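Printed here is work-v3.tsv (TSV, C-alpha atoms):
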chain	number	residue	atom	x	y	z
A	28	MET	CA	0.00	0.00	0.00
A	29	ARG	CA	1.32	3.45	-0.95
A	30	VAL	CA	0.51	6.22	1.56
A	31	LEU	CA	1.16	9.98	1.61
A	32	VAL	CA	1.28	11.80	4.95
A	33	VAL	CA	0.67	15.56	4.60
A	34	GLU	CA	1.30	17.12	8.01
A	35	ASP	CA	3.18	20.33	8.89
A	36	GLU	CA	4.21	19.14	12.36
A	37	ALA	CA	7.40	17.39	11.31
A	38	PRO	CA	7.85	15.19	14.43
A	39	LEU	CA	4.27	13.94	14.15
A	40	ALA	CA	4.53	13.37	10.40
A	41	GLU	CA	7.75	11.38	10.77
A	42	ALA	CA	6.36	9.37	13.68
A	43	ILE	CA	3.28	8.42	11.66
A	44	ALA	CA	5.46	7.51	8.67
A	45	ARG	CA	7.76	5.31	10.78
A	46	GLY	CA	4.82	3.52	12.35
A	47	LEU	CA	3.09	2.85	9.03
A	48	ARG	CA	6.35	1.61	7.49
A	49	ARG	CA	6.63	-0.88	10.34
A	50	GLU	CA	3.19	-2.08	9.23
A	51	GLY	CA	4.60	-2.82	5.78
A	52	MET	CA	3.35	0.28	3.98
A	53	ALA	CA	5.35	2.47	1.57
A	54	VAL	CA	5.07	6.00	2.98
A	55	ASP	CA	5.99	9.43	1.61
A	56	VAL	CA	5.82	12.64	3.65
A	57	ALA	CA	4.97	16.24	2.76
A	58	PHE	CA	5.07	19.17	5.20
A	59	THR	CA	3.05	21.73	3.23
A	60	GLY	CA	-0.11	21.63	1.16
A	61	ASP	CA	1.81	22.65	-1.95
A	62	GLU	CA	4.33	19.83	-1.48
A	63	GLY	CA	1.50	17.37	-0.90
A	64	HIS	CA	-0.26	18.55	-4.05
A	65	GLU	CA	2.92	18.11	-6.09
A	66	LYS	CA	3.49	14.56	-4.82
A	67	ALA	CA	-0.14	13.53	-5.23
A	68	SER	CA	-0.04	14.84	-8.81
A	69	VAL	CA	2.80	12.53	-9.89
A	70	THR	CA	2.16	9.42	-7.75
A	71	ARG	CA	-1.04	7.41	-7.35
A	72	TYR	CA	-1.44	6.90	-3.62
A	73	ASP	CA	-3.86	4.45	-2.09
A	74	VAL	CA	-4.42	6.66	0.95
A	75	VAL	CA	-3.55	10.28	1.81
A	76	LEU	CA	-3.42	11.27	5.49
A	77	LEU	CA	-4.19	14.96	5.33
A	78	ASP	CA	-4.01	17.62	8.02
A	79	ARG	CA	-6.60	20.36	7.45
A	80	ASP	CA	-4.46	23.23	8.74
A	81	LEU	CA	-1.46	23.39	6.39
A	82	PRO	CA	0.86	26.15	5.19
A	83	GLY	CA	0.47	27.01	1.51
A	84	MET	CA	-2.44	25.14	-0.07
A	85	SER	CA	-4.92	24.29	2.67
A	86	GLY	CA	-5.84	20.74	3.50
A	87	ASP	CA	-9.40	21.46	2.43
A	88	ASP	CA	-8.29	22.64	-1.02
A	89	LEU	CA	-5.91	19.71	-1.43
A	90	CYS	CA	-8.70	17.30	-0.49
A	91	LYS	CA	-10.93	18.79	-3.17
A	92	GLU	CA	-8.12	18.50	-5.74
A	93	ILE	CA	-7.59	14.83	-4.92
A	94	VAL	CA	-11.32	14.07	-5.06
A	95	THR	CA	-11.83	15.81	-8.42
A	96	SER	CA	-8.77	14.11	-9.94
A	97	GLY	CA	-10.83	10.97	-10.55
A	98	GLU	CA	-8.24	8.69	-8.91
A	99	LEU	CA	-9.21	5.97	-6.44
A	100	THR	CA	-7.08	7.65	-3.75
A	101	ARG	CA	-8.82	7.72	-0.37
A	102	VAL	CA	-8.44	10.68	2.01
A	103	LEU	CA	-8.21	10.43	5.79
A	104	MET	CA	-8.37	13.91	7.33
A	105	LEU	CA	-6.47	14.61	10.54
A	106	THR	CA	-7.38	17.60	12.69
A	107	ALA	CA	-6.95	18.97	16.18
A	108	SER	CA	-10.70	19.54	16.37
A	109	GLY	CA	-13.10	16.72	17.07
A	110	ALA	CA	-16.23	18.85	16.92
A	111	VAL	CA	-19.13	17.35	14.97
A	112	SER	CA	-19.34	20.44	12.75
A	113	ASP	CA	-15.69	20.04	11.74
A	114	ARG	CA	-16.16	16.35	10.96
A	115	VAL	CA	-19.21	17.11	8.84
A	116	GLU	CA	-17.37	19.87	7.00
A	117	GLY	CA	-14.35	17.66	6.32
A	118	LEU	CA	-16.48	14.81	5.00
A	119	SER	CA	-18.53	17.21	2.86
A	120	LEU	CA	-15.30	18.15	1.06
A	121	GLY	CA	-15.00	14.56	-0.12
A	122	ALA	CA	-12.79	13.07	2.60
A	123	ASP	CA	-13.44	9.37	3.16
A	124	ASP	CA	-12.72	9.37	6.87
A	125	TYR	CA	-11.91	11.78	9.68
A	126	LEU	CA	-9.72	11.33	12.77
A	127	ALA	CA	-9.23	13.89	15.54
A	128	LYS	CA	-5.88	14.41	17.25
A	129	PRO	CA	-4.67	12.98	19.52
A	130	PHE	CA	-5.46	9.50	18.26
A	131	ALA	CA	-4.51	5.94	19.11
A	132	PHE	CA	-2.03	4.63	16.55
A	133	PRO	CA	-3.66	1.18	16.22
A	134	GLU	CA	-6.90	2.94	15.27
A	135	LEU	CA	-5.06	5.00	12.64
A	136	VAL	CA	-3.55	1.83	11.16
A	137	ALA	CA	-6.94	0.11	11.07
A	138	ARG	CA	-8.55	3.09	9.33
A	139	VAL	CA	-5.73	3.35	6.78
A	140	ARG	CA	-5.98	-0.36	5.97
A	141	ALA	CA	-9.76	-0.11	5.59
A	142	LEU	CA	-9.42	2.85	3.22
A	143	GLY	CA	-6.64	1.09	1.32
A	144	ARG	CA	-8.96	-1.80	0.56
A	145	ARG	CA	-11.42	0.66	-0.94
A	146	ALA	CA	-8.71	2.28	-3.07
A	147	THR	CA	-8.10	-0.89	-5.06
A	148	PRO	CA	-10.34	-3.54	-6.64
A	149	ALA	CA	-11.82	-5.90	-4.07
A	150	ALA	CA	-9.20	-8.40	-2.93
A	151	PRO	CA	-9.92	-11.92	-1.67
A	152	PRO	CA	-9.04	-12.82	1.92
A	153	VAL	CA	-6.31	-15.24	0.79
A	154	LEU	CA	-4.14	-15.03	-2.34
A	155	THR	CA	-2.78	-18.31	-3.66
A	156	ALA	CA	-0.47	-19.83	-6.26
A	157	GLY	CA	-0.15	-23.58	-6.18
A	158	ASP	CA	0.59	-24.50	-2.57
A	159	VAL	CA	1.60	-20.93	-1.64
A	160	GLU	CA	-0.93	-18.96	0.41
A	161	LEU	CA	-0.66	-15.28	1.36
A	162	ASP	CA	-3.03	-13.82	3.92
A	163	PRO	CA	-2.97	-9.98	3.64
A	164	SER	CA	-4.89	-9.38	6.87
A	165	ARG	CA	-2.64	-11.58	9.02
A	166	ARG	CA	0.44	-10.74	6.93
A	167	THR	CA	1.47	-14.39	6.73
A	168	VAL	CA	2.76	-16.57	3.90
A	169	ARG	CA	2.66	-20.36	3.92
A	170	ARG	CA	3.92	-22.97	1.50
A	171	ALA	CA	2.42	-26.43	1.82
A	172	GLY	CA	1.28	-25.36	5.27
A	173	ARG	CA	4.75	-24.25	6.37
A	174	LEU	CA	5.16	-20.65	7.53
A	175	VAL	CA	7.60	-18.68	5.34
A	176	GLU	CA	9.29	-15.72	7.02
A	177	LEU	CA	9.54	-12.74	4.64
A	178	THR	CA	10.75	-9.18	4.99
A	179	ARG	CA	8.20	-6.39	4.53
A	180	LYS	CA	9.40	-5.73	0.98
A	181	GLU	CA	9.41	-9.41	0.01
A	182	PHE	CA	5.88	-9.74	1.36
A	183	GLY	CA	4.81	-6.62	-0.55
A	184	VAL	CA	6.26	-7.86	-3.84
A	185	LEU	CA	4.59	-11.27	-3.48
A	186	GLU	CA	1.26	-9.66	-2.57
A	187	VAL	CA	1.32	-7.40	-5.65
A	188	LEU	CA	2.27	-10.29	-7.95
A	189	LEU	CA	-0.43	-12.61	-6.59
A	190	ALA	CA	-3.07	-9.86	-6.67
A	191	ALA	CA	-2.28	-9.29	-10.37
A	192	GLY	CA	-3.96	-12.63	-11.12
A	193	GLY	CA	-1.34	-13.87	-13.58
A	194	ALA	CA	-0.75	-10.53	-15.32
A	195	VAL	CA	2.78	-9.23	-15.82
A	196	VAL	CA	3.90	-6.60	-13.31
A	197	SER	CA	6.83	-4.40	-14.34
A	198	SER	CA	9.76	-3.59	-12.08
A	199	GLU	CA	8.67	0.05	-12.21
A	200	ASP	CA	5.19	-0.85	-10.95
A	201	LEU	CA	6.63	-2.97	-8.16
A	202	LEU	CA	8.95	-0.12	-7.16
A	203	GLU	CA	6.03	2.30	-7.03
A	204	ARG	CA	3.64	0.02	-5.13
A	205	VAL	CA	6.05	-1.48	-2.58
A	206	TRP	CA	8.77	1.14	-2.03
A	207	ASP	CA	8.51	4.86	-1.25
A	208	GLU	CA	9.94	7.97	-2.91
A	209	ASN	CA	13.37	7.39	-1.38
A	210	ALA	CA	13.92	4.29	-3.52
A	211	ASP	CA	16.44	4.76	-6.33
A	212	PRO	CA	14.73	3.73	-9.61
A	213	PHE	CA	18.12	2.92	-11.15
A	214	THR	CA	19.13	0.31	-8.56
A	215	THR	CA	18.66	-3.45	-8.71
A	216	THR	CA	16.47	-3.36	-5.59
A	217	VAL	CA	13.49	-5.05	-7.21
A	218	ARG	CA	15.56	-7.75	-8.92
A	219	VAL	CA	17.43	-8.56	-5.71
A	220	THR	CA	14.20	-8.68	-3.68
A	221	VAL	CA	12.58	-11.04	-6.20
A	222	MET	CA	15.70	-13.23	-6.09
A	223	THR	CA	15.64	-13.55	-2.27
A	224	LEU	CA	11.87	-14.09	-2.37
A	225	ARG	CA	12.30	-16.98	-4.80
A	226	LYS	CA	14.90	-18.58	-2.55
A	227	LYS	CA	12.66	-18.36	0.52
A	228	LEU	CA	9.64	-19.79	-1.32
A	229	GLY	CA	11.72	-22.68	-2.64
A	230	GLU	CA	10.96	-25.12	-5.46
A	231	PRO	CA	9.10	-25.42	-7.66
A	232	GLY	CA	9.38	-21.72	-8.43
A	233	ILE	CA	6.17	-19.76	-8.86
A	234	ILE	CA	7.56	-16.39	-10.06
A	235	GLU	CA	8.37	-16.11	-13.76
A	236	THR	CA	10.60	-13.45	-15.30
A	237	VAL	CA	9.13	-12.01	-18.50
A	238	VAL	CA	12.17	-10.61	-20.30
A	239	GLY	CA	11.82	-6.93	-21.02
A	240	SER	CA	8.49	-6.68	-19.22
A	241	GLY	CA	8.67	-7.75	-15.58
A	242	TYR	CA	7.44	-10.61	-13.44
A	243	ARG	CA	4.31	-12.73	-13.09
A	244	VAL	CA	2.85	-15.65	-11.17
A	245	PRO	CA	0.97	-17.59	-13.88
A	246	ASP	CA	-1.28	-19.65	-11.63
A	247	ALA	CA	-2.10	-16.89	-9.13
A	248	GLY	CA	-5.60	-17.28	-7.80
A	249	SER	CA	-7.57	-16.86	-4.64
A	250	THR	CA	-9.48	-18.69	-1.96
A	251	ALA	CA	-12.33	-17.01	-0.18
A	252	GLY	CA	-12.15	-19.01	3.02
A	253	SER	CA	-15.71	-18.47	4.16
A	254	GLY	CA	-16.90	-18.38	0.56
A	255	SER	CA	-17.17	-14.62	0.14
A	256	LEU	CA	-14.78	-12.05	-1.27
A	257	ARG	CA	-13.75	-9.07	0.78
A	258	GLY	CA	-15.37	-5.88	-0.47
In structure tokens, what does this structure look like?
Amino acid sequence: MRVLVVEDEAPLAEAIARGLRREGMAVDVAFTGDEGHEKASVTRYDVVLLDRDLPGMSGDDLCKEIVTSGELTRVLMLTASGAVSDRVEGLSLGADDYLAKPFAFPELVARVRALGRRATPAAPPVLTAGDVELDPSRRTVRRAGRLVELTRKEFGVLEVLLAAGGAVVSSEDLLERVWDENADPFTTTVRVTVMTLRKKLGEPGIIETVVGSGYRVPDAGSTAGSGSLRG
């Protein structure tokens, strides 16, 4: 999941970013409304955490820009005011959710994950390929019932590949969906991560390299567990 935090209180913004990264998310940070607008214009984020009171472009104006862009990006507004009138006003601007400061971090994570699911096509509870099963909600991967320990980036790459349902995913797309803006696009980061992921998953291999295009998992599918897909 790709997240943008737009918050002018630098310590708070960095703390939120660190916490979300520990949850396996790729997080960028902007400290002004103008900087947030610039980043949101060039990168498709799943979720934007947006403070209403920002220097430069206001959070309200940035929210309206994101909403009218036509992207699936979801907006979670953060504000020091928890008054009902402020929540109503924020939601009327097109924000998808509203959270007053101070907030409990586990609640923030839960809200971001919920919005992230709405920012992408509905995903099944468990993604599979052969005897490999990835559970996004529990953040676990098993092969033939055996738990496979993966790093956050390895897990993210496998999740994107399985969710693609057999389609080819380019290195550029993987870099954008799994890493943040600090990743160097000219490095071999993606190739090395795929290589270590293959080793941990073992044989027979499930990830194919499509020369000149990217990677795919041909037999990627899904299991619904209880029989219903997550919406």
Next on the checklist: As an exercise, work out the distance from atom CA of Pro82 of chain A to atom CA of Val33 of chain A in Å and give it to one decimal place.
Outcome noted: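 Atom CA of Val33 of chain A lies at a distance of 10.6 Å from atom CA of Pro82 of chain A.
Separating atom CA of Val196 of chain A from atom CA of Asp246 of chain A is a distance of 14.1 Å.
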Item to check | Atomic separation - atom CA of Thr106 of chain A relative to atom CA of Gly121 of chain A, Å | outcome: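 Pair atom CA of Gly121 of chain A / atom CA of Thr106 of chain A returns 15.2 Å.
Taking all atoms listed in the file into account, the polymer residues that have an atom no farther than 9 Å from (1.9, -12.1, -10.3) are Val184, Leu185, Glu186, Val187, Leu188, Leu189, Ala190, Ala191, Gly192, Gly193, Ala194, Val195, Val196, Ile233, Ile234, Glu235, Tyr242, Arg243, Val244, Pro245, Asp246 and Ala247 of chain A.
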Can you pull out every residue within 12 Å of Thr95 of chain A, counting only C-alpha atoms, but drop anything in the same chain fewer than 5 positions away, and send it as a PDB file with C-alpha atoms, keeping the file's coordinate frame?
ATOM      1  CA  SER A  68      -0.040  14.840  -8.810  1.00  0.00           C
ATOM      2  CA  ASP A  88      -8.290  22.640  -1.020  1.00  0.00           C
ATOM      3  CA  LEU A  89      -5.910  19.710  -1.430  1.00  0.00           C
ATOM      4  CA  CYS A  90      -8.700  17.300  -0.490  1.00  0.00           C
ATOM      5  CA  THR A 100      -7.080   7.650  -3.750  1.00  0.00           C
ATOM      6  CA  ARG A 101      -8.820   7.720  -0.370  1.00  0.00           C
ATOM      7  CA  LEU A 120     -15.300  18.150   1.060  1.00  0.00           C
ATOM      8  CA  GLY A 121     -15.000  14.560  -0.120  1.00  0.00           C
ATOM      9  CA  ALA A 122     -12.790  13.070   2.600  1.00  0.00           C
TER      10      ALA A 122
END
Checklist entry - Pick the closest to Asp61 of chain A from A:Thr178, A:Thr223, A:Thr155, A:Ser85: which is it, counting only C-alpha atoms? => result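 For Asp61 of chain A, the nearest of the given residues is A:Ser85.
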